[in-house]
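Data file: protein.tsv. Format and content: TSV, C-alpha atoms.
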```
chain	number	residue	atom	x	y	z
A	6	MET	CA	183.21	157.03	41.22
A	7	ALA	CA	179.51	156.77	42.00
A	8	HIS	CA	179.00	159.67	39.62
A	9	HIS	CA	180.68	157.72	36.81
A	10	LEU	CA	178.67	154.60	37.49
A	11	LEU	CA	175.41	156.55	37.56
A	12	PHE	CA	176.19	158.39	34.34
A	13	TYR	CA	177.15	155.27	32.40
A	14	THR	CA	174.19	153.30	33.73
A	15	LEU	CA	171.72	156.02	32.80
A	16	SER	CA	173.16	156.68	29.36
A	17	PHE	CA	173.34	152.95	28.62
A	18	LEU	CA	169.70	152.59	29.69
A	19	THR	CA	168.71	155.49	27.45
A	20	ILE	CA	170.61	154.27	24.40
A	21	ALA	CA	169.44	150.66	24.83
A	22	CYS	CA	165.84	151.80	25.11
A	23	ALA	CA	166.23	153.97	22.01
A	24	VAL	CA	167.56	150.97	20.07
A	25	LEU	CA	164.62	148.90	21.27
A	26	VAL	CA	162.16	151.65	20.23
A	27	VAL	CA	163.60	151.51	16.74
A	28	VAL	CA	163.73	147.73	16.35
A	29	SER	CA	160.70	146.41	18.24
A	30	LYS	CA	157.98	145.04	15.99
A	31	ASN	CA	155.13	145.69	18.38
A	32	THR	CA	154.08	149.34	18.64
A	33	VAL	CA	153.03	149.02	22.28
A	34	ASN	CA	156.48	147.68	23.18
A	35	ALA	CA	158.07	150.62	21.34
A	36	ALA	CA	155.97	153.08	23.38
A	37	MET	CA	156.94	151.34	26.62
A	38	PHE	CA	160.64	151.45	25.74
A	39	LEU	CA	160.25	155.13	24.86
A	40	LEU	CA	158.85	155.64	28.37
A	41	LEU	CA	161.81	153.83	29.95
A	42	GLY	CA	164.27	155.81	27.84
A	43	LEU	CA	162.65	159.03	28.97
A	44	VAL	CA	163.21	157.98	32.58
A	45	GLY	CA	166.91	157.59	31.73
A	46	VAL	CA	167.04	161.05	30.16
A	47	ALA	CA	165.31	162.48	33.23
A	48	GLY	CA	168.04	160.90	35.37
A	49	LEU	CA	170.69	162.53	33.18
A	50	PHE	CA	168.89	165.86	33.65
A	51	VAL	CA	169.07	165.40	37.41
A	52	MET	CA	172.80	164.77	37.10
A	53	LEU	CA	173.06	168.05	35.16
A	54	ASP	CA	171.49	170.03	38.04
A	55	ALA	CA	168.19	170.39	36.22
A	56	ALA	CA	165.85	168.52	38.56
A	57	LEU	CA	162.95	170.79	37.68
A	58	LEU	CA	163.33	169.99	33.99
A	59	ALA	CA	163.53	166.28	34.79
A	60	PHE	CA	160.24	166.60	36.65
A	61	VAL	CA	158.62	168.52	33.79
A	62	LEU	CA	159.96	166.00	31.28
A	63	LEU	CA	158.44	163.08	33.15
A	64	LEU	CA	155.20	164.97	33.66
A	65	VAL	CA	154.79	166.05	30.04
A	66	TYR	CA	156.25	163.04	28.24
A	67	ALA	CA	155.41	160.12	30.50
A	68	GLY	CA	152.16	161.65	31.67
A	69	ALA	CA	150.83	163.06	28.45
A	70	VAL	CA	152.72	162.08	25.33
A	71	VAL	CA	153.24	158.34	25.93
A	72	ALA	CA	149.73	158.00	27.30
A	73	LEU	CA	148.43	159.67	24.15
A	74	PHE	CA	150.52	157.34	22.01
A	75	LEU	CA	149.16	154.28	23.81
A	76	PHE	CA	145.62	155.60	23.48
A	77	ILE	CA	146.03	156.08	19.74
A	78	ILE	CA	147.61	152.62	19.34
A	79	MET	CA	144.62	151.14	21.16
A	80	LEU	CA	142.25	153.15	18.97
A	81	LEU	CA	143.87	152.21	15.66
A	82	ASP	CA	144.56	148.56	16.49
A	83	THR	CA	147.25	148.12	13.85
A	84	THR	CA	148.86	144.79	13.14
A	85	PRO	CA	152.59	144.53	13.88
A	86	GLY	CA	154.28	145.80	10.74
A	87	SER	CA	156.73	143.69	8.81
A	88	MET	CA	160.15	145.04	7.92
A	89	LYS	CA	160.10	145.46	4.16
A	90	PRO	CA	163.37	145.27	2.20
A	91	PHE	CA	164.94	148.69	1.93
A	92	LYS	CA	165.03	150.81	-1.16
A	93	THR	CA	168.35	151.99	-2.56
A	94	SER	CA	167.61	155.59	-1.61
A	95	THR	CA	167.09	154.56	2.01
A	96	ILE	CA	170.42	152.73	2.08
A	97	VAL	CA	172.24	155.70	0.52
A	98	ALA	CA	170.60	158.12	2.97
A	99	SER	CA	171.49	155.98	5.97
A	100	ALA	CA	175.08	155.55	4.76
A	101	ILE	CA	175.45	159.31	4.37
A	102	GLY	CA	173.86	159.84	7.78
A	103	ALA	CA	176.20	157.36	9.44
A	104	ALA	CA	179.23	158.92	7.72
A	105	LEU	CA	178.23	162.42	8.88
A	106	LEU	CA	177.68	161.12	12.40
A	107	MET	CA	181.15	159.53	12.48
A	108	LEU	CA	182.62	162.79	11.17
A	109	GLY	CA	180.83	164.66	13.95
A	110	PHE	CA	182.11	162.23	16.60
A	111	VAL	CA	185.68	162.46	15.33
A	112	SER	CA	185.69	166.25	15.09
A	113	LEU	CA	184.09	166.54	18.53
A	114	ARG	CA	186.75	164.25	19.97
A	115	GLU	CA	189.70	165.84	18.19
A	116	ARG	CA	189.01	169.52	17.72
A	117	ALA	CA	186.30	170.74	20.09
A	118	VAL	CA	187.28	173.23	22.77
A	119	LEU	CA	184.60	172.75	25.38
A	120	PRO	CA	184.19	174.58	28.67
A	121	ALA	CA	185.07	172.60	31.76
A	122	ALA	CA	182.43	172.22	34.43
A	123	ALA	CA	181.44	175.47	36.04
A	124	PRO	CA	182.80	175.27	39.60
A	125	GLY	CA	180.07	174.15	41.93
A	126	GLY	CA	177.56	173.94	39.10
A	127	LEU	CA	174.91	176.48	38.41
A	128	VAL	CA	174.53	178.99	41.19
A	129	ASN	CA	170.87	179.57	40.67
A	130	VAL	CA	168.64	176.73	39.50
A	131	THR	CA	165.62	177.43	41.66
A	132	LEU	CA	162.11	177.76	40.34
A	133	LYS	CA	162.35	181.48	41.05
A	134	ALA	CA	165.31	181.85	38.70
A	135	TYR	CA	163.41	180.09	35.92
A	136	ALA	CA	160.38	182.29	36.49
A	137	GLU	CA	162.51	185.41	36.43
A	138	GLN	CA	164.01	184.40	33.09
A	139	LEU	CA	160.66	183.39	31.62
A	140	PHE	CA	158.89	186.58	32.60
A	141	THR	CA	161.62	189.07	31.75
A	142	THR	CA	164.00	187.99	29.00
A	143	TYR	CA	161.72	185.44	27.38
A	144	LEU	CA	158.36	187.14	27.87
A	145	LEU	CA	157.52	187.40	24.16
A	146	PRO	CA	158.38	183.73	23.42
A	147	VAL	CA	156.17	182.67	26.33
A	148	GLN	CA	153.27	184.63	24.85
A	149	ILE	CA	153.90	183.18	21.39
A	150	VAL	CA	154.08	179.62	22.76
A	151	GLY	CA	150.81	180.14	24.60
A	152	PHE	CA	149.18	181.37	21.42
A	153	MET	CA	150.62	178.40	19.54
A	154	LEU	CA	149.11	176.00	22.07
A	155	LEU	CA	145.72	177.62	21.43
A	156	ILE	CA	146.19	177.21	17.67
A	157	ALA	CA	147.23	173.55	18.16
A	158	MET	CA	144.11	172.92	20.23
A	159	LEU	CA	141.89	174.45	17.55
A	160	GLY	CA	143.70	172.44	14.89
A	161	VAL	CA	143.16	169.17	16.72
A	162	ILE	CA	139.46	169.96	17.16
A	163	VAL	CA	139.08	170.72	13.46
A	164	LEU	CA	141.06	167.62	12.44
A	165	SER	CA	139.09	165.24	14.60
A	166	LYS	CA	135.71	166.49	13.45
A	167	LYS	CA	133.92	164.18	11.06
A	168	LEU	CA	134.59	165.67	7.63
A	169	HIS	CA	131.77	165.51	5.10
A	170	THR	CA	133.31	165.02	1.71
A	171	PRO	CA	131.33	164.65	-1.53
A	172	GLU	CA	132.33	160.94	-1.64
A	173	ASP	CA	130.66	160.28	1.67
A	174	ALA	CA	127.46	161.98	0.59
A	175	SER	CA	127.09	159.93	-2.58
B	19	MET	CA	188.75	161.57	34.64
B	20	ASN	CA	185.57	163.41	35.33
B	21	ILE	CA	182.33	163.18	33.43
B	22	GLY	CA	182.60	166.12	31.07
B	23	LEU	CA	180.59	167.76	28.38
B	24	HIS	CA	182.00	165.30	25.82
B	25	GLU	CA	180.23	162.32	27.34
B	26	TYR	CA	176.85	164.06	27.48
B	27	LEU	CA	177.22	165.24	23.89
B	28	MET	CA	178.11	161.72	22.76
B	29	THR	CA	175.00	160.33	24.44
B	30	SER	CA	172.91	163.06	22.85
B	31	ALA	CA	174.39	162.46	19.39
B	32	LEU	CA	173.81	158.70	19.65
B	33	LEU	CA	170.23	159.26	20.72
B	34	PHE	CA	169.65	161.67	17.84
B	35	ALA	CA	171.21	159.23	15.38
B	36	LEU	CA	169.00	156.39	16.61
B	37	GLY	CA	165.92	158.57	16.16
B	38	PHE	CA	167.10	159.52	12.67
B	39	PHE	CA	167.65	155.91	11.62
B	40	GLY	CA	164.29	154.98	13.09
B	41	VAL	CA	162.59	157.61	10.93
B	42	LEU	CA	164.42	156.25	7.89
B	43	PHE	CA	163.85	152.55	8.47
B	44	ARG	CA	160.42	152.14	10.03
B	45	LYS	CA	157.22	152.03	8.02
B	46	ASN	CA	154.68	152.54	10.80
B	47	THR	CA	153.71	156.20	11.19
B	48	LEU	CA	153.31	155.88	14.96
B	49	VAL	CA	156.83	154.50	15.39
B	50	ILE	CA	158.16	157.27	13.14
B	51	TYR	CA	156.52	159.75	15.52
B	52	MET	CA	158.19	158.09	18.52
B	53	CYS	CA	161.55	158.37	16.76
B	54	LEU	CA	160.88	162.08	16.15
B	55	GLU	CA	160.33	162.40	19.89
B	56	LEU	CA	163.66	160.66	20.50
B	57	MET	CA	165.40	163.26	18.33
B	58	LEU	CA	163.72	166.11	20.22
B	59	ILE	CA	164.80	164.57	23.53
B	60	ALA	CA	168.37	164.26	22.26
B	61	SER	CA	168.45	167.95	21.41
B	62	THR	CA	167.08	168.89	24.82
B	63	LEU	CA	169.78	166.77	26.47
B	64	ALA	CA	172.46	168.64	24.51
B	65	LEU	CA	170.92	171.99	25.47
B	66	VAL	CA	170.81	171.14	29.17
B	67	ALA	CA	174.40	169.86	29.09
B	68	PHE	CA	175.69	173.02	27.39
B	69	SER	CA	173.72	175.17	29.80
B	70	ARG	CA	175.15	173.33	32.79
B	71	PHE	CA	178.75	173.50	31.62
B	72	ASN	CA	178.54	177.15	30.63
B	73	GLY	CA	176.95	178.16	33.92
B	74	THR	CA	173.90	179.86	32.39
B	75	LEU	CA	170.19	179.18	32.58
B	76	ASP	CA	169.25	180.03	28.98
B	77	GLY	CA	169.52	176.48	27.66
B	78	ASN	CA	167.26	175.21	30.40
B	79	VAL	CA	164.67	177.86	29.57
B	80	PHE	CA	164.82	176.82	25.92
B	81	VAL	CA	164.11	173.23	26.97
B	82	PHE	CA	160.82	174.48	28.43
B	83	PHE	CA	159.85	175.85	25.04
B	84	ILE	CA	160.94	172.66	23.26
B	85	LEU	CA	158.81	170.55	25.63
B	86	THR	CA	155.79	172.77	24.96
B	87	ILE	CA	156.27	172.61	21.20
B	88	ALA	CA	156.77	168.82	21.37
B	89	ALA	CA	153.51	168.34	23.29
B	90	ALA	CA	151.57	170.44	20.78
B	91	GLU	CA	153.25	168.66	17.88
B	92	VAL	CA	152.34	165.23	19.23
B	93	ALA	CA	148.72	166.25	19.72
B	94	VAL	CA	148.38	167.61	16.18
B	95	GLY	CA	150.35	164.77	14.61
B	96	LEU	CA	148.32	162.05	16.28
B	97	ALA	CA	145.11	163.82	15.26
B	98	ILE	CA	146.38	163.78	11.67
B	99	ILE	CA	147.21	160.06	11.95
B	100	VAL	CA	143.73	159.30	13.28
B	101	ALA	CA	142.11	161.30	10.49
B	102	LEU	CA	144.30	159.49	7.95
B	103	PHE	CA	143.42	156.09	9.43
B	104	ARG	CA	139.72	156.92	9.24
B	105	LYS	CA	140.08	157.79	5.57
B	106	ARG	CA	142.57	155.16	4.33
B	107	HIS	CA	142.43	152.41	7.02
B	108	THR	CA	146.23	152.12	7.22
B	109	VAL	CA	149.13	153.82	9.01
B	110	GLN	CA	151.92	152.26	6.92
B	111	VAL	CA	153.77	154.97	5.04
B	112	GLU	CA	154.31	152.99	1.85
B	113	GLU	CA	150.54	152.66	1.41
B	114	LEU	CA	149.96	156.39	1.85
B	115	ASN	CA	150.88	157.39	-1.70
B	116	HIS	CA	147.59	158.85	-2.84
B	117	LEU	CA	149.14	162.10	-4.05
B	118	LYS	CA	151.59	160.24	-6.28
B	119	ASN	CA	149.30	159.51	-9.24
```
What is this file in structure tokens?
Amino acid sequence: MAHHLLFYTLSFLTIACAVLVVVSKNTVNAAMFLLLGLVGVAGLFVMLDAALLAFVLLLVYAGAVVALFLFIIMLLDTTPGSMKPFKTSTIVASAIGAALLMLGFVSLRERAVLPAAAPGGLVNVTLKAYAEQLFTTYLLPVQIVGFMLLIAMLGVIVLSKKLHTPEDAS
Amino acid sequence: MNIGLHEYLMTSALLFALGFFGVLFRKNTLVIYMCLELMLIASTLALVAFSRFNGTLDGNVFVFFILTIAAAEVAVGLAIIVALFRKRHTVQVEELNHLKN
């Protein structure tokens, strides 16, 4: 019973925060609700026996990504944007998206054959098991991701350099 | 009734849909980026749930990669937004139509 209560509380928190991210006029409020929603997702991760991932999620997202967002919001100092009336293409796209989502829900509810919970959960969710997977089966992806982080760092440095265009010189 | 895979997948789908509608409806580039993050989080939630209910660790390892990619993507995207703001003094997408004409 406590399990049920915890699951529904956490998923309600996450969904409510996601709604508030989408609808809030102030960008800072949106970032804060994103942070709260991430806490909810981290709780769901813990319920799924992935406490390490919950920790990493909070570390990377709450520690780095949301802080970066807030920093950029502070730097740009944008006025709260007004909701403009929607174009027809937007309405059509959202209607199609909603229809596809309903179709997905219905087919998931009616037709999906999903595995029941593995008895006793995952046998091996220790840090050692993750490390073993990362350094044997997924060794090449780890190398590629590391290289990609280097490329991203170089890209950010190049992007944030002051560019001298001909317009500026004249 | 136990909490099964269905419930986690429903939460994940709702989260993804909210991110999708946010990308469609909002005009502020920063909020669009936050909604992109919501969609990434929804996919990681689905991966972790599948991994848990299938009794393997592969989904969880993939979530590591997704988190890394998301961090790099946010860094590059925000750098692009700052560069854009320096050039055009706006972050509203409907005003960023310089390539149109």
Fill in the blank from the handout: Judged by all atoms listed in the file, the minimum distance to chain B among A:Leu40, A:Phe60, A:Gly48, A:Val24 is found for A:Val24
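With distances restricted to all atoms listed in the file, B:Thr29 is the closest residue to Ala60 in chain B from B:Asn78, B:Thr108, B:Thr29, B:Asn46.
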Do you have, as JSON lines, the list of residues of chain B lying at most 8 Å from chain A, each with its nearest atom pair and that distance in Å to one decimal, counting all atoms listed in the file and ordered by chain then number?
```
{"residue": "B:Asn20", "atom": "CA", "partner": "A:His9", "partner_atom": "CA", "distance": 7.6}
{"residue": "B:Ile21", "atom": "CA", "partner": "A:His9", "partner_atom": "CA", "distance": 6.6}
{"residue": "B:Gly22", "atom": "CA", "partner": "A:Ala122", "partner_atom": "CA", "distance": 7.0}
{"residue": "B:Leu23", "atom": "CA", "partner": "A:Leu119", "partner_atom": "CA", "distance": 7.1}
{"residue": "B:His24", "atom": "CA", "partner": "A:Arg114", "partner_atom": "CA", "distance": 7.6}
{"residue": "B:Met28", "atom": "CA", "partner": "A:Phe110", "partner_atom": "CA", "distance": 7.4}
{"residue": "B:Thr29", "atom": "CA", "partner": "A:Ser16", "partner_atom": "CA", "distance": 6.4}
{"residue": "B:Ala31", "atom": "CA", "partner": "A:Leu106", "partner_atom": "CA", "distance": 7.8}
{"residue": "B:Leu32", "atom": "CA", "partner": "A:Ile20", "partner_atom": "CA", "distance": 7.2}
{"residue": "B:Leu33", "atom": "CA", "partner": "A:Ile20", "partner_atom": "CA", "distance": 6.2}
{"residue": "B:Ala35", "atom": "CA", "partner": "A:Leu106", "partner_atom": "CA", "distance": 7.4}
{"residue": "B:Leu36", "atom": "CA", "partner": "A:Ala23", "partner_atom": "CA", "distance": 6.5}
{"residue": "B:Gly37", "atom": "CA", "partner": "A:Ala23", "partner_atom": "CA", "distance": 7.4}
{"residue": "B:Phe39", "atom": "CA", "partner": "A:Ser99", "partner_atom": "CA", "distance": 6.8}
{"residue": "B:Gly40", "atom": "CA", "partner": "A:Val27", "partner_atom": "CA", "distance": 5.1}
{"residue": "B:Leu42", "atom": "CA", "partner": "A:Thr95", "partner_atom": "CA", "distance": 6.7}
{"residue": "B:Phe43", "atom": "CA", "partner": "A:Thr95", "partner_atom": "CA", "distance": 7.5}
{"residue": "B:Arg44", "atom": "CA", "partner": "A:Met88", "partner_atom": "CA", "distance": 7.4}
{"residue": "B:Lys45", "atom": "CA", "partner": "A:Gly86", "partner_atom": "CA", "distance": 7.4}
{"residue": "B:Asn46", "atom": "CA", "partner": "A:Gly86", "partner_atom": "CA", "distance": 6.8}
{"residue": "B:Leu48", "atom": "CA", "partner": "A:Thr32", "partner_atom": "CA", "distance": 7.5}
{"residue": "B:Val49", "atom": "CA", "partner": "A:Thr32", "partner_atom": "CA", "distance": 6.7}
{"residue": "B:Met52", "atom": "CA", "partner": "A:Leu39", "partner_atom": "CA", "distance": 7.3}
{"residue": "B:Cys53", "atom": "CA", "partner": "A:Val27", "partner_atom": "CA", "distance": 7.2}
{"residue": "B:Leu56", "atom": "CA", "partner": "A:Ala23", "partner_atom": "CA", "distance": 7.3}
{"residue": "B:Ile59", "atom": "CA", "partner": "A:Val46", "partner_atom": "CA", "distance": 7.8}
{"residue": "B:Leu63", "atom": "CA", "partner": "A:Phe50", "partner_atom": "CA", "distance": 7.3}
{"residue": "B:Val66", "atom": "CA", "partner": "A:Leu53", "partner_atom": "CA", "distance": 7.1}
{"residue": "B:Ala67", "atom": "CA", "partner": "A:Leu53", "partner_atom": "CA", "distance": 6.5}
{"residue": "B:Arg70", "atom": "CA", "partner": "A:Leu53", "partner_atom": "CA", "distance": 6.2}
{"residue": "B:Phe71", "atom": "CA", "partner": "A:Ala122", "partner_atom": "CA", "distance": 4.8}
{"residue": "B:Asn72", "atom": "CA", "partner": "A:Ala123", "partner_atom": "CA", "distance": 6.4}
{"residue": "B:Gly73", "atom": "CA", "partner": "A:Leu127", "partner_atom": "CA", "distance": 5.2}
{"residue": "B:Thr74", "atom": "CA", "partner": "A:Leu127", "partner_atom": "CA", "distance": 7.0}
{"residue": "B:Leu75", "atom": "CA", "partner": "A:Val130", "partner_atom": "CA", "distance": 7.5}
{"residue": "B:Asp76", "atom": "CA", "partner": "A:Gln138", "partner_atom": "CA", "distance": 8.0}
{"residue": "B:Asn78", "atom": "CA", "partner": "A:Leu58", "partner_atom": "CA", "distance": 7.5}
{"residue": "B:Val79", "atom": "CA", "partner": "A:Tyr135", "partner_atom": "CA", "distance": 6.8}
{"residue": "B:Val81", "atom": "CA", "partner": "A:Leu58", "partner_atom": "CA", "distance": 7.8}
{"residue": "B:Phe82", "atom": "CA", "partner": "A:Leu58", "partner_atom": "CA", "distance": 7.6}
{"residue": "B:Phe83", "atom": "CA", "partner": "A:Val150", "partner_atom": "CA", "distance": 7.3}
{"residue": "B:Leu85", "atom": "CA", "partner": "A:Leu62", "partner_atom": "CA", "distance": 7.3}
{"residue": "B:Thr86", "atom": "CA", "partner": "A:Val150", "partner_atom": "CA", "distance": 7.4}
{"residue": "B:Ile87", "atom": "CA", "partner": "A:Val150", "partner_atom": "CA", "distance": 7.5}
{"residue": "B:Ala89", "atom": "CA", "partner": "A:Val70", "partner_atom": "CA", "distance": 6.6}
{"residue": "B:Ala90", "atom": "CA", "partner": "A:Ala157", "partner_atom": "CA", "distance": 5.9}
{"residue": "B:Glu91", "atom": "CA", "partner": "A:Ala157", "partner_atom": "CA", "distance": 7.8}
{"residue": "B:Val92", "atom": "CA", "partner": "A:Val70", "partner_atom": "CA", "distance": 6.9}
{"residue": "B:Ala93", "atom": "CA", "partner": "A:Val161", "partner_atom": "CA", "distance": 7.0}
{"residue": "B:Val94", "atom": "CA", "partner": "A:Val161", "partner_atom": "CA", "distance": 5.5}
{"residue": "B:Leu96", "atom": "CA", "partner": "A:Ile77", "partner_atom": "CA", "distance": 7.3}
{"residue": "B:Ala97", "atom": "CA", "partner": "A:Val161", "partner_atom": "CA", "distance": 5.9}
{"residue": "B:Ile98", "atom": "CA", "partner": "A:Leu164", "partner_atom": "CA", "distance": 6.6}
{"residue": "B:Val100", "atom": "CA", "partner": "A:Leu81", "partner_atom": "CA", "distance": 7.5}
{"residue": "B:Ala101", "atom": "CA", "partner": "A:Ser165", "partner_atom": "CA", "distance": 6.4}
{"residue": "B:Phe103", "atom": "CA", "partner": "A:Leu81", "partner_atom": "CA", "distance": 7.4}
{"residue": "B:Thr108", "atom": "CA", "partner": "A:Thr83", "partner_atom": "CA", "distance": 7.8}
{"residue": "B:Val109", "atom": "CA", "partner": "A:Thr83", "partner_atom": "CA", "distance": 7.7}
{"residue": "B:Gln110", "atom": "CA", "partner": "A:Gly86", "partner_atom": "CA", "distance": 7.9}
```
Practice task
Enter the distance from CA of Leu54 in chain B to CA of Val41 in chain B, in Å, rounded to one decimal.
Solution key: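 Separation of CA of Leu54 in chain B and CA of Val41 in chain B: 7.1 Å.
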Exercise for the section: Work out how far CA of Val44 in chain A is from CA of Val111 in chain A, in Å to one decimal. Expected result: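 We find that CA of Val111 in chain A and CA of Val44 in chain A lie 28.7 Å from each other.
Between CA of Val51 in chain A and CA of Glu137 in chain A the interatomic distance comes to 21.1 Å.
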Handout entry: B:Ile84, B:Val111, B:Leu102, B:Leu117 ranked by distance to Ser61 in chain B, top pick (using only C-alpha atoms)
Key = B:Ile84
Practice task
Go through A:Ala72, A:Arg116, A:Thr131, A:Gly45 one by one, measure the shortest atom-to-atom distance of each to Leu11 in chain A using all atoms listed in the file, and give the residue with the smallest value.
Solution key: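 For Leu11 in chain A, the nearest of the given residues is A:Gly45.
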Selected range 50-67 of chain A, written as a JSON list (two decimals), in the first residue's frame, N, CA, C and O atoms:
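Everything below was put into out.json:
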```
[["chain", "number", "residue", "atom", "x", "y", "z"],
["A", 50, "PHE", "N", 13.02, 6.62, -10.00],
["A", 50, "PHE", "CA", 14.21, 5.79, -10.25],
["A", 50, "PHE", "C", 14.55, 4.94, -9.03],
["A", 50, "PHE", "O", 14.90, 3.77, -9.15],
["A", 51, "VAL", "N", 14.45, 5.56, -7.86],
["A", 51, "VAL", "CA", 14.75, 4.82, -6.63],
["A", 51, "VAL", "C", 13.76, 3.67, -6.47],
["A", 51, "VAL", "O", 14.12, 2.55, -6.09],
["A", 52, "MET", "N", 12.47, 3.94, -6.80],
["A", 52, "MET", "CA", 11.48, 2.87, -6.71],
["A", 52, "MET", "C", 11.75, 1.75, -7.71],
["A", 52, "MET", "O", 11.32, 0.62, -7.52],
["A", 53, "LEU", "N", 12.46, 2.07, -8.80],
["A", 53, "LEU", "CA", 12.79, 1.06, -9.81],
["A", 53, "LEU", "C", 14.16, 0.43, -9.55],
["A", 53, "LEU", "O", 14.79, -0.08, -10.48],
["A", 54, "ASP", "N", 14.64, 0.48, -8.32],
["A", 54, "ASP", "CA", 15.92, -0.14, -7.93],
["A", 54, "ASP", "C", 17.11, 0.47, -8.67],
["A", 54, "ASP", "O", 18.08, -0.23, -8.97],
["A", 55, "ALA", "N", 17.02, 1.75, -9.02],
["A", 55, "ALA", "CA", 18.15, 2.36, -9.70],
["A", 55, "ALA", "C", 18.60, 3.58, -8.91],
["A", 55, "ALA", "O", 18.58, 4.70, -9.41],
["A", 56, "ALA", "N", 18.99, 3.35, -7.66],
["A", 56, "ALA", "CA", 19.35, 4.46, -6.78],
["A", 56, "ALA", "C", 20.57, 5.20, -7.29],
["A", 56, "ALA", "O", 20.67, 6.43, -7.17],
["A", 57, "LEU", "N", 21.49, 4.46, -7.92],
["A", 57, "LEU", "CA", 22.70, 5.10, -8.45],
["A", 57, "LEU", "C", 22.33, 6.09, -9.55],
["A", 57, "LEU", "O", 22.84, 7.21, -9.59],
["A", 58, "LEU", "N", 21.39, 5.65, -10.42],
["A", 58, "LEU", "CA", 20.98, 6.53, -11.51],
["A", 58, "LEU", "C", 20.24, 7.75, -10.97],
["A", 58, "LEU", "O", 20.38, 8.85, -11.52],
["A", 59, "ALA", "N", 19.45, 7.55, -9.90],
["A", 59, "ALA", "CA", 18.77, 8.69, -9.30],
["A", 59, "ALA", "C", 19.78, 9.71, -8.80],
["A", 59, "ALA", "O", 19.64, 10.92, -9.02],
["A", 60, "PHE", "N", 20.83, 9.20, -8.19],
["A", 60, "PHE", "CA", 21.90, 10.08, -7.67],
["A", 60, "PHE", "C", 22.57, 10.83, -8.82],
["A", 60, "PHE", "O", 22.76, 12.04, -8.75],
["A", 61, "VAL", "N", 22.89, 10.09, -9.89],
["A", 61, "VAL", "CA", 23.56, 10.72, -11.03],
["A", 61, "VAL", "C", 22.65, 11.75, -11.69],
["A", 61, "VAL", "O", 23.09, 12.83, -12.08],
["A", 62, "LEU", "N", 21.35, 11.41, -11.75],
["A", 62, "LEU", "CA", 20.38, 12.34, -12.34],
["A", 62, "LEU", "C", 20.35, 13.64, -11.57],
["A", 62, "LEU", "O", 20.42, 14.73, -12.15],
["A", 63, "LEU", "N", 20.26, 13.54, -10.24],
["A", 63, "LEU", "CA", 20.21, 14.75, -9.44],
["A", 63, "LEU", "C", 21.52, 15.53, -9.56],
["A", 63, "LEU", "O", 21.51, 16.76, -9.65],
["A", 64, "LEU", "N", 22.63, 14.79, -9.60],
["A", 64, "LEU", "CA", 23.93, 15.45, -9.68],
["A", 64, "LEU", "C", 24.07, 16.21, -10.99],
["A", 64, "LEU", "O", 24.43, 17.39, -11.01],
["A", 65, "VAL", "N", 23.75, 15.51, -12.11],
["A", 65, "VAL", "CA", 23.97, 16.11, -13.42],
["A", 65, "VAL", "C", 22.92, 17.17, -13.72],
["A", 65, "VAL", "O", 23.25, 18.29, -14.12],
["A", 66, "TYR", "N", 21.63, 16.82, -13.49],
["A", 66, "TYR", "CA", 20.59, 17.75, -13.89],
["A", 66, "TYR", "C", 20.44, 18.89, -12.89],
["A", 66, "TYR", "O", 20.53, 20.05, -13.25],
["A", 67, "ALA", "N", 20.20, 18.54, -11.62],
["A", 67, "ALA", "CA", 20.00, 19.60, -10.64],
["A", 67, "ALA", "C", 21.29, 20.38, -10.43],
["A", 67, "ALA", "O", 21.27, 21.60, -10.29]]
```
